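Reproduced below: coords_34.pdb, with PDB, C-alpha atoms, pLDDT in the B column.
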```pdb
ATOM      1  CA  GLN H   1      13.787  -5.756  11.848  1.00 83.00           C
ATOM      2  CA  VAL H   2      10.664  -6.065   9.706  1.00 87.00           C
ATOM      3  CA  GLN H   3      11.391  -6.455   6.023  1.00 94.00           C
ATOM      4  CA  LEU H   4       8.881  -5.607   3.313  1.00 96.00           C
ATOM      5  CA  VAL H   5       9.359  -6.721  -0.271  1.00 97.00           C
ATOM      6  CA  GLU H   6       7.092  -5.540  -3.058  1.00 98.00           C
ATOM      7  CA  SER H   7       6.559  -7.410  -6.308  1.00 98.00           C
ATOM      8  CA  GLY H   8       4.207  -7.469  -9.272  1.00 98.00           C
ATOM      9  CA  GLY H   9       5.049  -4.188 -10.934  1.00 97.00           C
ATOM     10  CA  GLY H  10       5.610  -3.869 -14.644  1.00 97.00           C
ATOM     11  CA  LEU H  11       4.543  -2.279 -17.898  1.00 98.00           C
ATOM     12  CA  VAL H  12       0.839  -2.290 -18.757  1.00 98.00           C
ATOM     13  CA  GLN H  13      -1.377  -0.536 -21.277  1.00 98.00           C
ATOM     14  CA  PRO H  14      -4.055   1.937 -20.207  1.00 98.00           C
ATOM     15  CA  GLY H  15      -7.125   0.042 -19.065  1.00 98.00           C
ATOM     16  CA  GLY H  16      -5.072  -2.950 -18.030  1.00 98.00           C
ATOM     17  CA  SER H  17      -4.575  -4.577 -14.636  1.00 98.00           C
ATOM     18  CA  LEU H  18      -1.754  -5.482 -12.295  1.00 98.00           C
ATOM     19  CA  ARG H  19      -1.644  -7.049  -8.848  1.00 98.00           C
ATOM     20  CA  LEU H  20       1.050  -5.903  -6.471  1.00 98.00           C
ATOM     21  CA  SER H  21       2.169  -8.009  -3.519  1.00 98.00           C
ATOM     22  CA  CYS H  22       3.899  -6.981  -0.321  1.00 97.00           C
ATOM     23  CA  ALA H  23       5.598  -9.773   1.581  1.00 96.00           C
ATOM     24  CA  ALA H  24       6.511  -9.148   5.218  1.00 94.00           C
ATOM     25  CA  SER H  25       9.077 -10.995   7.287  1.00 88.00           C
ATOM     26  CA  ASN H  26      10.406 -10.755  10.852  1.00 85.00           C
ATOM     27  CA  ARG H  27       7.258  -8.966  11.964  1.00 78.00           C
ATOM     28  CA  PRO H  28       6.870  -8.857  15.776  1.00 77.00           C
ATOM     29  CA  VAL H  29       3.753 -10.258  17.368  1.00 73.00           C
ATOM     30  CA  SER H  30       1.573  -7.172  17.125  1.00 82.00           C
ATOM     31  CA  ARG H  31      -1.231  -5.736  15.053  1.00 90.00           C
ATOM     32  CA  TYR H  32       0.197  -3.935  12.054  1.00 93.00           C
ATOM     33  CA  ALA H  33      -1.766  -1.906   9.557  1.00 96.00           C
ATOM     34  CA  THR H  34      -0.448  -1.773   6.021  1.00 97.00           C
ATOM     35  CA  ALA H  35      -0.643   0.794   3.282  1.00 98.00           C
ATOM     36  CA  TRP H  36       0.443   1.383  -0.269  1.00 98.00           C
ATOM     37  CA  PHE H  37       1.964   4.700  -1.258  1.00 98.00           C
ATOM     38  CA  ARG H  38       3.242   5.797  -4.647  1.00 98.00           C
ATOM     39  CA  GLN H  39       5.626   8.350  -6.028  1.00 98.00           C
ATOM     40  CA  GLY H  40       5.338   9.466  -9.625  1.00 95.00           C
ATOM     41  CA  PRO H  41       8.074  11.240 -11.585  1.00 91.00           C
ATOM     42  CA  GLY H  42       8.729  14.634 -10.034  1.00 93.00           C
ATOM     43  CA  LEU H  43       5.943  14.176  -7.503  1.00 95.00           C
ATOM     44  CA  LYS H  44       5.709  13.720  -3.760  1.00 96.00           C
ATOM     45  CA  ARG H  45       4.996  10.306  -2.291  1.00 97.00           C
ATOM     46  CA  GLU H  46       1.250   9.960  -1.827  1.00 98.00           C
ATOM     47  CA  PHE H  47      -1.119   7.610  -0.055  1.00 98.00           C
ATOM     48  CA  VAL H  48      -2.920   5.105  -2.273  1.00 98.00           C
ATOM     49  CA  SER H  49      -4.653   2.607  -0.014  1.00 98.00           C
ATOM     50  CA  GLY H  50      -4.568   1.222   3.521  1.00 98.00           C
ATOM     51  CA  ILE H  51      -5.889  -1.798   5.379  1.00 98.00           C
ATOM     52  CA  THR H  52      -6.218  -2.699   9.036  1.00 97.00           C
ATOM     53  CA  TRP H  53      -4.690  -5.806  10.536  1.00 95.00           C
ATOM     54  CA  SER H  54      -7.992  -7.663  10.474  1.00 95.00           C
ATOM     55  CA  GLY H  55      -8.701  -6.580   6.923  1.00 96.00           C
ATOM     56  CA  ARG H  56     -12.140  -5.361   7.918  1.00 97.00           C
ATOM     57  CA  ARG H  57     -11.382  -1.698   7.220  1.00 97.00           C
ATOM     58  CA  THR H  58      -9.921  -0.412   3.987  1.00 98.00           C
ATOM     59  CA  TYR H  59      -9.146   3.092   2.824  1.00 98.00           C
ATOM     60  CA  TYR H  60      -8.481   4.559  -0.611  1.00 98.00           C
ATOM     61  CA  ALA H  61      -7.326   7.781  -2.167  1.00 98.00           C
ATOM     62  CA  ASP H  62     -10.070   9.391  -4.234  1.00 98.00           C
ATOM     63  CA  SER H  63      -7.956   8.987  -7.361  1.00 97.00           C
ATOM     64  CA  VAL H  64      -8.025   5.171  -7.137  1.00 98.00           C
ATOM     65  CA  LYS H  65     -11.382   4.516  -5.466  1.00 98.00           C
ATOM     66  CA  GLY H  66     -13.401   2.029  -7.480  1.00 98.00           C
ATOM     67  CA  ARG H  67     -10.373   0.883  -9.476  1.00 98.00           C
ATOM     68  CA  PHE H  68      -7.968  -0.475  -6.839  1.00 98.00           C
ATOM     69  CA  THR H  69      -8.653  -3.094  -4.173  1.00 98.00           C
ATOM     70  CA  ILE H  70      -6.457  -3.784  -1.173  1.00 98.00           C
ATOM     71  CA  SER H  71      -6.538  -7.096   0.674  1.00 98.00           C
ATOM     72  CA  ARG H  72      -4.388  -9.155   2.995  1.00 96.00           C
ATOM     73  CA  ASP H  73      -3.591 -12.733   3.902  1.00 95.00           C
ATOM     74  CA  ASN H  74      -2.063 -12.735   7.363  1.00 93.00           C
ATOM     75  CA  ALA H  75      -1.335 -16.462   7.257  1.00 92.00           C
ATOM     76  CA  ALA H  76       0.913 -15.782   4.263  1.00 93.00           C
ATOM     77  CA  ASN H  77       2.191 -12.462   5.636  1.00 93.00           C
ATOM     78  CA  LYS H  78       1.131 -10.738   2.439  1.00 96.00           C
ATOM     79  CA  VAL H  79      -0.833  -7.677   1.433  1.00 97.00           C
ATOM     80  CA  TYR H  80      -2.092  -7.204  -2.096  1.00 98.00           C
ATOM     81  CA  LEU H  81      -3.122  -4.287  -4.257  1.00 98.00           C
ATOM     82  CA  GLN H  82      -5.288  -5.222  -7.220  1.00 98.00           C
ATOM     83  CA  MET H  83      -5.136  -2.404  -9.740  1.00 98.00           C
ATOM     84  CA  ASP H  84      -7.713  -2.346 -12.527  1.00 98.00           C
ATOM     85  CA  SER H  85      -8.572   0.195 -15.222  1.00 98.00           C
ATOM     86  CA  LEU H  86      -5.087   1.604 -14.968  1.00 98.00           C
ATOM     87  CA  LYS H  87      -4.478   5.110 -16.237  1.00 98.00           C
ATOM     88  CA  LEU H  88      -1.367   6.889 -17.466  1.00 97.00           C
ATOM     89  CA  GLU H  89      -1.310   8.898 -14.243  1.00 96.00           C
ATOM     90  CA  ASP H  90      -0.982   5.718 -12.178  1.00 98.00           C
ATOM     91  CA  THR H  91       2.618   5.444 -13.361  1.00 98.00           C
ATOM     92  CA  ALA H  92       4.790   5.530 -10.246  1.00 98.00           C
ATOM     93  CA  VAL H  93       6.972   3.565  -7.911  1.00 98.00           C
ATOM     94  CA  TYR H  94       4.653   1.834  -5.463  1.00 98.00           C
ATOM     95  CA  TYR H  95       5.756   1.328  -1.878  1.00 98.00           C
ATOM     96  CA  CYS H  96       4.405  -0.900   0.835  1.00 98.00           C
ATOM     97  CA  ALA H  97       4.491   0.434   4.409  1.00 97.00           C
ATOM     98  CA  GLU H  98       3.557  -0.951   7.804  1.00 96.00           C
ATOM     99  CA  GLY H  99       2.834   0.638  11.148  1.00 94.00           C
ATOM    100  CA  ARG H 100       1.349  -0.444  14.454  1.00 93.00           C
ATOM    101  CA  GLU H 101      -2.430  -0.220  14.444  1.00 95.00           C
ATOM    102  CA  THR H 102      -2.836   2.481  17.062  1.00 92.00           C
ATOM    103  CA  SER H 103      -5.243   5.395  17.378  1.00 91.00           C
ATOM    104  CA  ASP H 104      -2.564   7.503  15.695  1.00 91.00           C
ATOM    105  CA  TRP H 105      -2.639   5.251  12.680  1.00 93.00           C
ATOM    106  CA  PHE H 106      -6.380   5.704  12.280  1.00 92.00           C
ATOM    107  CA  SER H 107      -5.911   9.471  12.497  1.00 92.00           C
ATOM    108  CA  TYR H 108      -2.912   9.808  10.233  1.00 95.00           C
ATOM    109  CA  TYR H 109      -2.878   6.773   7.932  1.00 94.00           C
ATOM    110  CA  ARG H 110      -2.684   8.993   4.845  1.00 94.00           C
ATOM    111  CA  GLN H 111       0.588  10.474   6.032  1.00 94.00           C
ATOM    112  CA  ARG H 112       4.029   8.886   6.273  1.00 90.00           C
ATOM    113  CA  ASP H 113       4.468   9.356  10.024  1.00 90.00           C
ATOM    114  CA  PRO H 114       2.589   6.291  11.360  1.00 93.00           C
ATOM    115  CA  TYR H 115       4.642   3.872   9.288  1.00 95.00           C
ATOM    116  CA  GLU H 116       7.728   2.291  10.799  1.00 93.00           C
ATOM    117  CA  TYR H 117       8.707   0.058   7.928  1.00 95.00           C
ATOM    118  CA  TRP H 118       8.936   0.610   4.185  1.00 97.00           C
ATOM    119  CA  GLY H 119       9.757  -1.563   1.232  1.00 97.00           C
ATOM    120  CA  GLN H 120      12.084  -0.638  -1.614  1.00 97.00           C
ATOM    121  CA  GLY H 121       9.268  -0.130  -4.094  1.00 97.00           C
ATOM    122  CA  THR H 122       8.146  -1.651  -7.371  1.00 98.00           C
ATOM    123  CA  GLN H 123       7.799   0.268 -10.622  1.00 98.00           C
ATOM    124  CA  VAL H 124       4.425   0.451 -12.336  1.00 98.00           C
ATOM    125  CA  THR H 125       4.410   1.984 -15.801  1.00 98.00           C
ATOM    126  CA  VAL H 126       1.171   2.584 -17.683  1.00 98.00           C
ATOM    127  CA  SER H 127       1.863   3.356 -21.308  1.00 97.00           C
ATOM    128  CA  SER H 128       0.458   2.669 -24.723  1.00 94.00           C
TER     129      SER H 128
END
```
Encoded form (structure tokens):
Amino acid sequence: QVQLVESGGGLVQPGGSLRLSCAASNRPVSRYATAWFRQGPGLKREFVSGITWSGRRTYYADSVKGRFTISRDNAANKVYLQMDSLKLEDTAVYYCAEGRETSDWFSYYRQRDPYEYWGQGTQVTVSS
């Protein structure tokens, strides 16, 4: 069973930065794509960013494009989300998710369906 553990959340002022980490363990030998989703208070869980197994392709929600950067280190079994210029509306629980890198993933990566494994989430609060 793949386990995903997020870390790096916290309280930050508007305009500040945080770097989230997602550590994977017990992953089978296969190509897994990874994504970050978030769920703000009273809101639905939404896609934030995704990255292919190789790291060569990255995807972002319009709301974070230019401010967030996703990356991965497969040797360390980690995926990162660098969040800069944080805004009040970025406040949410951030979740890491992984799914096999299939044609379905490329078609539906913004939705929850392609992801087999989810972490427990890490809270990010942007407040002055």
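Each of H:Leu43, H:Leu20, H:Val126, H:Ile70 was checked against Leu88 of chain H using all atoms listed in the file; the smallest atom-to-atom distance is that of H:Val126.
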(request) For the structure provided, state which residues fall under the PyMOL selection byres ((chain H and resi 50) around 6), and present them as a VMD selection string. (result) chain H and resid 34 to 35 49 51 58 to 59
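Each of H:Glu89, H:Ser25, H:Val2, H:Pro14 was checked against Ala76 of chain H using only C-alpha atoms; the smallest atom-to-atom distance is that of H:Ser25.
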Could you tell me which residues the PyMOL selection byres ((chain H and resi 99-116) around 6) grabs in this file, written as a tab-separated table (two decimals) with C-alpha atoms, keeping the file's coordinate frame?
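Now in result-v9.tsv:
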```
chain	number	residue	atom	x	y	z
H	31	ARG	CA	-1.23	-5.74	15.05
H	32	TYR	CA	0.20	-3.94	12.05
H	33	ALA	CA	-1.77	-1.91	9.56
H	47	PHE	CA	-1.12	7.61	-0.06
H	97	ALA	CA	4.49	0.43	4.41
H	98	GLU	CA	3.56	-0.95	7.80
H	117	TYR	CA	8.71	0.06	7.93
```
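Nearest residue to Gly42 of chain H among H:Leu86, H:Ala92, H:Ser128, H:Phe68 is H:Ala92, counting only C-alpha atoms.
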(request) Find the distance between atom CA of Gly55 of chain H and atom CA of Gln123 of chain H and write it in Å to one decimal. (result) 25.0 Å
(request) Work out how far atom CA of Cys96 of chain H is from atom CA of Gln13 of chain H, in Å to one decimal. (result) 22.9 Å
If I wrap all listed atoms of segment 21-36 of chain H in a box with edges along x, y and z and add 6 Å on each side, what are its centre and edge lengths in Å to one decimal, as JSON?
```
{"center_x": 4.3, "center_y": -4.8, "center_z": 6.9, "size_x": 24.2, "size_y": 24.4, "size_z": 32.9}
```
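Considering only C-alpha atoms, the residue among H:Asn74, H:Ser127, H:Gln1, H:Lys65 positioned nearest to Asn26 of chain H is H:Gln1.
Interatomic distance, atom CA of Lys87 of chain H to atom CA of Thr52 of chain H: 26.5 Å.
Counting only C-alpha atoms and comparing H:Ala61, H:Asp73, H:Arg38, H:Asp90, the residue that lies closest to Gly16 of chain H is H:Asp90.
Considering the residues H:Ser17, H:Glu6, H:Cys22, H:Gly40 and counting all atoms listed in the file, Lys78 of chain H has its shortest atom-to-atom contact with H:Cys22.
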(message) Applying 6 Å and only C-alpha atoms, which residues near Ala24 of chain H remain after dropping the ones on its own chain fewer than 6 positions away? List them as number ranges by chain.
(response) H: 3-4, 77
